[in-house]
Each structure stands twice: as structure tokens, then as C-alpha cells.
Amino acid sequence: MRVLVIGGGGREHAIVHACARQGHAVLCTPGNPGIAELARILDSAQDADALAELAVREAVDLVVVGPEAYLAAGVVDACTARGVPAFGPTQAASRLEGDKGWSKAFMLRHGVPTAQHVTFNDLEGALAHLDSQFTPIVIKDATLRAGKGVTIAGSLTEAAAALRDIFSVADNKSAACAVVEDFMTGQEVSVLALTDGSAFALTPPSQDHKTIYAGDTGPMTGGMGVVCPFPLSESDLTYIRERIIAPTLAGMRAEGMPFQGVLYAGLMLTPDGPKVVEFNARFGDPEAEAVLPLLQSDLAQHCLDAVRGELDPQTVEFSDEASAVIVLAAPGYPGDPVRGVPVGLPSTAENEIIYHAGTREVGGELQSSGGRVLAITAVAPTLNTALARAYALADRVDFAGAQLRRDIGGRIGARAVEDV
Ligand code: GLY
């Protein structure tokens, strides 16, 4: 197949890598220096119509859309209108991620378990609501904010500041919207479902680490490291399939917007059972960098089957090994990351992959060009060994001031030691 992957981060590097290792010819836009080693990079305007025209010109068999912003911009709709198979939800269906107020209301309509919440379109109403609330409390920007639109406020003053921020940063203040919801306790787990809108296959569950500092402290990021598989019980897994994923897909069909692509359920394993923290409409980043190296079957074929409404979950096969991802972020992230810092990469052994997330090449030198710069993955028979190898590799990267968390996997008792 000729596959066009849209995006240029670590997730897209993992998608390109998964397609290329099955022998597909891969093209990518805008790509990054790591992706350029595996795929032909195409220059293109990044709006939906230009991308769909590019897919037509390049006669690709399949488009795989990585980032949520392209889905929300209608890339899949634009490709479909031109007869090009595109993996990912339509603009309407991607609302499940892009509009968190709508998404919460959808969950209520379809009985999908989630936190108690109230959605506000005005700052005054939201601030007044805080008067009757307890802390900690969760404040979410209802629009797309690259994982950084969530504040877990330890005080009502902090909650009020987060609300003021949401209503002041909105380009179009009339579109600003905030969700105020109860804080849920428990382990957080990411469950990704590849789906054609009805049938679905779950990837192994994984756990991301969302704050910048160890001990789950500091501001939220897009994700600083992942362990996979997360040890979910069979009963939780069955509950997630039957009470969360299946009713969500059925609800989307019933509301006239079947969801084809990756349904990413960010879940909290609360004392009352798994509940949805949020839905995303695409592969997680860096979850993709942990999950896709374990995929043994053909990602591009699964994506094409999903687009055609013919996904056979039995054909989706994962290795029973474990993987760990350590993110190296630029100094300053998640605020204002320093760009242009030289990055020197070590050699990698089998089962080690350095995914590029925010890099660029200037005059032959690799440099940081974004917040999360590299996602370092190791696959091994045990999670401890995968962590040990990923950390050892991360420590060999030459990147002054790089930030990384040293406690990835700690929440589930994993630690970076070689198991024998
Ligand atoms: N890792 C979190 C996300 O992809 O949104």
C-alpha cells in the first residue's frame, strides 16, 4: 500500500514506523527528521482540502491522520469526498474529543460512566458554581489544548484562576467553554480501541504520566512517559468493553455520526469502577509510541479495513511483551520550550526506538523544535527490563537541560531494573 500519514510528532513517527516495518511505502506531511528516515516527506499546506488534494495527487491507498487538530479541521471528510480512504473520525464525530462539554453530555445521554460535572459558557456562572464546591476539583478547557487544558485545583482560588485563564485565552471569547468536574481518585489508564464504527479491537492498556514532575506534580503536559501493558483485571476489561467502548460507539451511530478510527478512552479506575476522564479521537501521544511497537499484525491493513467497515478484531495481534516510553522534553516545557538546543542521538539496539517528537535539522545538526522532543521506547519481556533499557537509552542522549521524569511506571510498582 501507499500510505500517507498526516502529522509530525512522536505518535506519527510510531505510526510511520508500524506501517514501514510491514513493507508499505509511506509518505508523511509535515513529518520530522526521524520520520524522514522511513518515509518520503511531502511539503503541503496543512488545511483539510490541500491535504486531501495531496492524497489524490500522490495516488495513495490510505490516509492515516495523527493529531486531533486535523480531524477537527475535517481532513477525513475532505479525503472521503475525493474517494480517498482516510482512517480517523469525521469532523462531526471528532467532537467527542474536540468539544468536552458536548462529550460529557453525550456520555450522560448514553449512560457512559464519568465524573459528575457542570459545563459553563460564561466565567461568572462558573465562578459562582465554585462557591458550593469542594477541592480538589477539576477545571477543563472544553476546547482542544494539546493536553494542557486541564487543571486539578487544590484550592478554590486556583480553580478560579484556571477558569479566568480559560475565558481569557480563548481567541473567540464567545466560544469559550469550561467543564467543572469532580476529582476522581484511582489509577489512570488509557484504553485505545481501533474501530470501524461497530467492531473494535482494544490495544493493550497503558498508563501515561501527565504532569511534568515526578510524583505527579507540576503542570499538565501532553504526556511524559508510558508503561504498557497496564495490569487491568479481566472484570475491569470486560466492563470497559461492554459499558464504555461499545455504548459509546453505539451512541455515535445512533446520533448519526459513526466513529471510525481510534477511540481513546482516558479512564480512572475509581472505587466505583472504571469511569471516563475524557475521550480522545486518535492515538494517544505518547501511548502510540508504547502500544504500536507491540503490534504484530499490519496497522495499515487494519486502518483500511476500518475505513471500509470491515475490521475483524481477531486479526489484530499484539506481542505479550512490555514496553516503556520515556519522554525527553525541552527546557521550559510545558510553558515556553527552548528551541534550537542541539540533540545528539546514541545508537540503538534491537527493541529500542527513539521516536522524534519535536526535532528539526538545521545545517546538518539535530535540534529541539518543540516541547516534547524525543520519546524513547524499549520493548522487553518484562516491564522492569523495558524501563531499565529505556532509561539507559535516554541517559545516553546528548541534550542539555532535557527534562524527564524518573518515576515512570512507579504508580503500578514497576521500576527500572533488569529482571532475570
Ligand atoms: N497522552 C495523552 C494524550 O494523548 O492526550
# chains A, B, ... in the order shown; residues from 1 in each chain; ligands from 1
>>> closest_atom_pairs(of="chain A", to="ligand 1", cutoff="9 Å", atoms="only C-alpha atoms and all ligand atoms", output="Markdown table")
| residue | atom | partner | partner_atom_place_in_ligand_line | distance |
| --- | --- | --- | --- | --- |
| A:Arg11 | CA | ligand 1 | 4 (O) | 8.7 |
| A:Ala146 | CA | ligand 1 | 5 (O) | 7.0 |
| A:Gly147 | CA | ligand 1 | 5 (O) | 5.3 |
| A:Ser190 | CA | ligand 1 | 1 (N) | 8.1 |
| A:Gln207 | CA | ligand 1 | 1 (N) | 8.7 |
| A:Asp208 | CA | ligand 1 | 1 (N) | 5.9 |
| A:His209 | CA | ligand 1 | 1 (N) | 7.8 |
| A:Lys210 | CA | ligand 1 | 1 (N) | 7.0 |
| A:Thr221 | CA | ligand 1 | 2 (C) | 8.3 |
| A:Gly222 | CA | ligand 1 | 2 (C) | 5.3 |
| A:Gly223 | CA | ligand 1 | 1 (N) | 4.7 |
| A:Met224 | CA | ligand 1 | 1 (N) | 8.0 |
| A:Gly225 | CA | ligand 1 | 1 (N) | 8.4 |
| A:Val226 | CA | ligand 1 | 1 (N) | 8.3 |
| A:Tyr264 | CA | ligand 1 | 4 (O) | 8.4 |
| A:Gly266 | CA | ligand 1 | 2 (C) | 8.1 |
| A:Phe279 | CA | ligand 1 | 5 (O) | 8.8 |
| A:Asn280 | CA | ligand 1 | 5 (O) | 6.7 |
| A:Arg282 | CA | ligand 1 | 4 (O) | 7.9 |
| A:Phe283 | CA | ligand 1 | 4 (O) | 6.7 |
| A:Gly284 | CA | ligand 1 | 4 (O) | 3.4 |
| A:Asp285 | CA | ligand 1 | 4 (O) | 3.9 |
| A:Pro286 | CA | ligand 1 | 1 (N) | 5.3 |
| A:Glu287 | CA | ligand 1 | 1 (N) | 5.9 |
| A:Ala288 | CA | ligand 1 | 4 (O) | 8.3 |
>>> write_last_selection(atoms="N, CA, C and O atoms", output="compact mmCIF listing (two decimals), in the first residue's frame")
# COMPACT_ATOMS: atom_id res chain seq x y z
N ARG A 11 3.90 10.41 17.92
CA ARG A 11 2.82 9.48 17.55
C ARG A 11 2.89 9.15 16.07
O ARG A 11 2.79 7.98 15.67
N ALA A 146 -4.08 20.60 23.40
CA ALA A 146 -2.89 19.73 23.35
C ALA A 146 -2.56 19.13 24.71
O ALA A 146 -1.40 19.04 25.10
N GLY A 147 -3.59 18.71 25.42
CA GLY A 147 -3.37 18.03 26.71
C GLY A 147 -3.12 18.98 27.86
O GLY A 147 -2.96 18.55 29.00
N SER A 190 -5.12 4.29 29.98
CA SER A 190 -5.53 4.64 28.61
C SER A 190 -5.89 3.36 27.87
O SER A 190 -5.06 2.46 27.76
N GLN A 207 -0.48 3.20 30.61
CA GLN A 207 -0.62 4.30 31.58
C GLN A 207 0.36 5.42 31.25
O GLN A 207 1.57 5.19 31.18
N ASP A 208 -0.20 6.60 31.03
CA ASP A 208 0.59 7.80 30.75
C ASP A 208 0.86 8.52 32.08
O ASP A 208 0.21 8.23 33.09
N HIS A 209 1.79 9.44 32.06
CA HIS A 209 2.15 10.24 33.24
C HIS A 209 2.09 11.69 32.79
O HIS A 209 2.96 12.13 32.05
N LYS A 210 1.05 12.39 33.24
CA LYS A 210 0.70 13.63 32.53
C LYS A 210 1.36 14.90 33.06
O LYS A 210 1.45 15.89 32.34
N THR A 221 1.11 18.23 31.06
CA THR A 221 1.80 18.22 29.77
C THR A 221 0.97 17.37 28.81
O THR A 221 -0.08 16.84 29.20
N GLY A 222 1.49 17.16 27.61
CA GLY A 222 0.85 16.20 26.71
C GLY A 222 1.06 14.77 27.14
O GLY A 222 0.37 13.86 26.70
N GLY A 223 2.03 14.53 28.03
CA GLY A 223 2.34 13.17 28.50
C GLY A 223 3.84 12.97 28.55
O GLY A 223 4.54 13.29 27.60
N MET A 224 4.36 12.50 29.68
CA MET A 224 5.81 12.43 29.90
C MET A 224 6.37 11.01 29.90
O MET A 224 7.58 10.82 30.06
N GLY A 225 5.53 10.01 29.76
CA GLY A 225 6.06 8.64 29.74
C GLY A 225 4.92 7.65 29.91
O GLY A 225 3.90 7.97 30.50
N VAL A 226 5.14 6.46 29.37
CA VAL A 226 4.06 5.46 29.34
C VAL A 226 4.63 4.09 29.67
O VAL A 226 5.76 3.77 29.28
N TYR A 264 -10.05 6.66 21.96
CA TYR A 264 -9.11 6.60 23.08
C TYR A 264 -9.91 6.96 24.33
O TYR A 264 -10.38 8.09 24.45
N GLY A 266 -9.65 7.70 28.05
CA GLY A 266 -8.83 8.01 29.22
C GLY A 266 -9.69 7.71 30.44
O GLY A 266 -10.72 8.35 30.64
N PHE A 279 -12.60 11.39 26.47
CA PHE A 279 -12.39 10.65 25.23
C PHE A 279 -11.49 11.46 24.33
O PHE A 279 -11.60 12.68 24.25
N ASN A 280 -10.60 10.74 23.62
CA ASN A 280 -9.87 11.37 22.53
C ASN A 280 -10.21 10.61 21.25
O ASN A 280 -10.64 9.45 21.30
N ARG A 282 -8.21 9.82 18.62
CA ARG A 282 -6.99 9.45 17.86
C ARG A 282 -6.08 8.68 18.81
O ARG A 282 -6.34 8.56 19.99
N PHE A 283 -4.97 8.17 18.23
CA PHE A 283 -3.99 7.51 19.08
C PHE A 283 -3.48 8.49 20.14
O PHE A 283 -3.28 9.67 19.84
N GLY A 284 -3.23 8.01 21.34
CA GLY A 284 -2.59 8.84 22.36
C GLY A 284 -1.15 9.09 21.99
O GLY A 284 -0.52 8.32 21.26
N ASP A 285 -0.62 10.17 22.51
CA ASP A 285 0.78 10.51 22.32
C ASP A 285 1.32 10.89 23.69
O ASP A 285 0.91 11.91 24.22
N PRO A 286 2.13 10.08 24.36
CA PRO A 286 2.99 9.03 23.82
C PRO A 286 2.46 7.59 23.94
O PRO A 286 3.26 6.65 23.80
N GLU A 287 1.16 7.36 24.14
CA GLU A 287 0.69 5.97 24.20
C GLU A 287 1.01 5.20 22.90
O GLU A 287 1.37 4.03 22.95
N ALA A 288 0.88 5.88 21.75
CA ALA A 288 1.16 5.20 20.47
C ALA A 288 2.58 4.67 20.43
O ALA A 288 2.84 3.59 19.88
>>> select_by_dssp(residues="region 22-235 of chain A", states="helix (DSSP H, G or I)", output="MDAnalysis selection string")
chainID A and resid 35:37 48:57 68:72 75:81 95:98 100:109 123:130 156:169 173:175 234:235
>>> residues_around(residues="Asn121 (chain A)", least_positions_apart="4", cutoff="7 Å", atoms="only C-alpha atoms", output="PyMOL selection string")
chain A and resi 176-178
>>> select_by_dssp(residues="region 2-36 of chain A", states="strand (DSSP E)", output="list of chain:residue names")
A:Arg2, A:Val3, A:Leu4, A:Val5, A:Ile6, A:Gly7, A:Ala25, A:Val26, A:Leu27, A:Cys28, A:Thr29, A:Pro30
>>> write_last_selection(atoms="N, CA, C and O atoms", output="short mmCIF file (atom, residue, chain, number, x, y, z; two decimals), in the first residue's frame")
data_model
loop_
_atom_site.label_atom_id
_atom_site.label_comp_id
_atom_site.auth_asym_id
_atom_site.auth_seq_id
_atom_site.Cartn_x
_atom_site.Cartn_y
_atom_site.Cartn_z
N ARG A 2 0.34 2.32 -0.56
CA ARG A 2 0.95 3.65 -0.38
C ARG A 2 0.14 4.36 0.70
O ARG A 2 -1.07 4.57 0.52
N VAL A 3 0.82 4.68 1.78
CA VAL A 3 0.12 5.23 2.94
C VAL A 3 0.61 6.65 3.20
O VAL A 3 1.82 6.87 3.29
N LEU A 4 -0.31 7.59 3.32
CA LEU A 4 0.06 8.96 3.69
C LEU A 4 -0.31 9.18 5.15
O LEU A 4 -1.48 9.07 5.54
N VAL A 5 0.70 9.46 5.96
CA VAL A 5 0.48 9.75 7.39
C VAL A 5 0.54 11.27 7.57
O VAL A 5 1.47 11.92 7.09
N ILE A 6 -0.47 11.81 8.24
CA ILE A 6 -0.52 13.26 8.45
C ILE A 6 -0.15 13.57 9.90
O ILE A 6 -0.78 13.05 10.84
N GLY A 7 0.88 14.41 10.05
CA GLY A 7 1.33 14.80 11.38
C GLY A 7 2.85 14.78 11.42
O GLY A 7 3.50 14.33 10.47
N ALA A 25 4.81 1.47 1.48
CA ALA A 25 5.51 2.71 1.08
C ALA A 25 4.83 3.85 1.82
O ALA A 25 3.62 4.05 1.69
N VAL A 26 5.60 4.58 2.62
CA VAL A 26 4.98 5.58 3.48
C VAL A 26 5.39 6.98 3.06
O VAL A 26 6.57 7.25 2.77
N LEU A 27 4.41 7.87 3.02
CA LEU A 27 4.63 9.29 2.78
C LEU A 27 4.12 10.01 4.02
O LEU A 27 3.23 9.51 4.71
N CYS A 28 4.68 11.17 4.28
CA CYS A 28 4.24 11.87 5.50
C CYS A 28 4.34 13.38 5.31
O CYS A 28 5.27 13.87 4.67
N THR A 29 3.38 14.08 5.87
CA THR A 29 3.44 15.53 5.91
C THR A 29 2.89 16.03 7.23
O THR A 29 1.89 15.47 7.69
N PRO A 30 3.49 17.00 7.93
CA PRO A 30 4.76 17.62 7.58
C PRO A 30 5.98 16.77 7.97
O PRO A 30 7.08 17.08 7.54
#
>>> residues_around(residues="Ala380 (chain A)", least_positions_apart="6", cutoff="7 Å", atoms="only C-alpha atoms", output="list in words")
Glu321, Ala322, Ser323 and Ala386 of chain A
>>> write_last_selection(atoms="N, CA, C and O atoms", output="PDB file, in the first residue's frame")
ATOM      1  N   GLU A 321       4.876  -8.970  25.096  1.00  0.00           N
ATOM      2  CA  GLU A 321       5.967  -8.301  25.805  1.00  0.00           C
ATOM      3  C   GLU A 321       5.466  -6.980  26.410  1.00  0.00           C
ATOM      4  O   GLU A 321       4.279  -6.634  26.287  1.00  0.00           O
ATOM      5  N   ALA A 322       6.382  -6.271  27.056  1.00  0.00           N
ATOM      6  CA  ALA A 322       6.039  -4.988  27.684  1.00  0.00           C
ATOM      7  C   ALA A 322       6.844  -3.880  27.017  1.00  0.00           C
ATOM      8  O   ALA A 322       7.888  -4.129  26.407  1.00  0.00           O
ATOM      9  N   SER A 323       6.355  -2.659  27.142  1.00  0.00           N
ATOM     10  CA  SER A 323       7.095  -1.528  26.585  1.00  0.00           C
ATOM     11  C   SER A 323       7.059  -0.361  27.563  1.00  0.00           C
ATOM     12  O   SER A 323       6.126  -0.219  28.361  1.00  0.00           O
ATOM     13  N   ALA A 386      12.067  -3.334  30.405  1.00  0.00           N
ATOM     14  CA  ALA A 386      11.782  -2.304  29.389  1.00  0.00           C
ATOM     15  C   ALA A 386      12.113  -0.921  29.954  1.00  0.00           C
ATOM     16  O   ALA A 386      12.729  -0.084  29.279  1.00  0.00           O
TER      17      ALA A 386
END
>>> atom_distance(atom1="CA of Thr185 (chain A)", atom2="CA of Gly101 (chain A)")
21.3 Å
>>> closest_residue(among="A:Asn351, A:Gly335, A:Gly34, A:Val179", to="Ala14 (chain A)", atoms="only C-alpha atoms")
A:Gly34
>>> atom_distance(atom1="CA of Ile41 (chain A)", atom2="CA of Val16 (chain A)")
11.2 Å
>>> closest_atom_pairs(of="region 17-82 of chain A", to="region 357-367 of chain A", cutoff="10 Å", atoms="only C-alpha atoms", output="CSV")
residue,atom,partner,partner_atom,distance
A:Gly31,CA,A:Ala357,CA,9.7
A:Asn32,CA,A:Arg360,CA,6.5
A:Pro33,CA,A:Arg360,CA,6.1
A:Gly34,CA,A:Thr359,CA,8.1
A:Ile35,CA,A:Ala357,CA,9.7
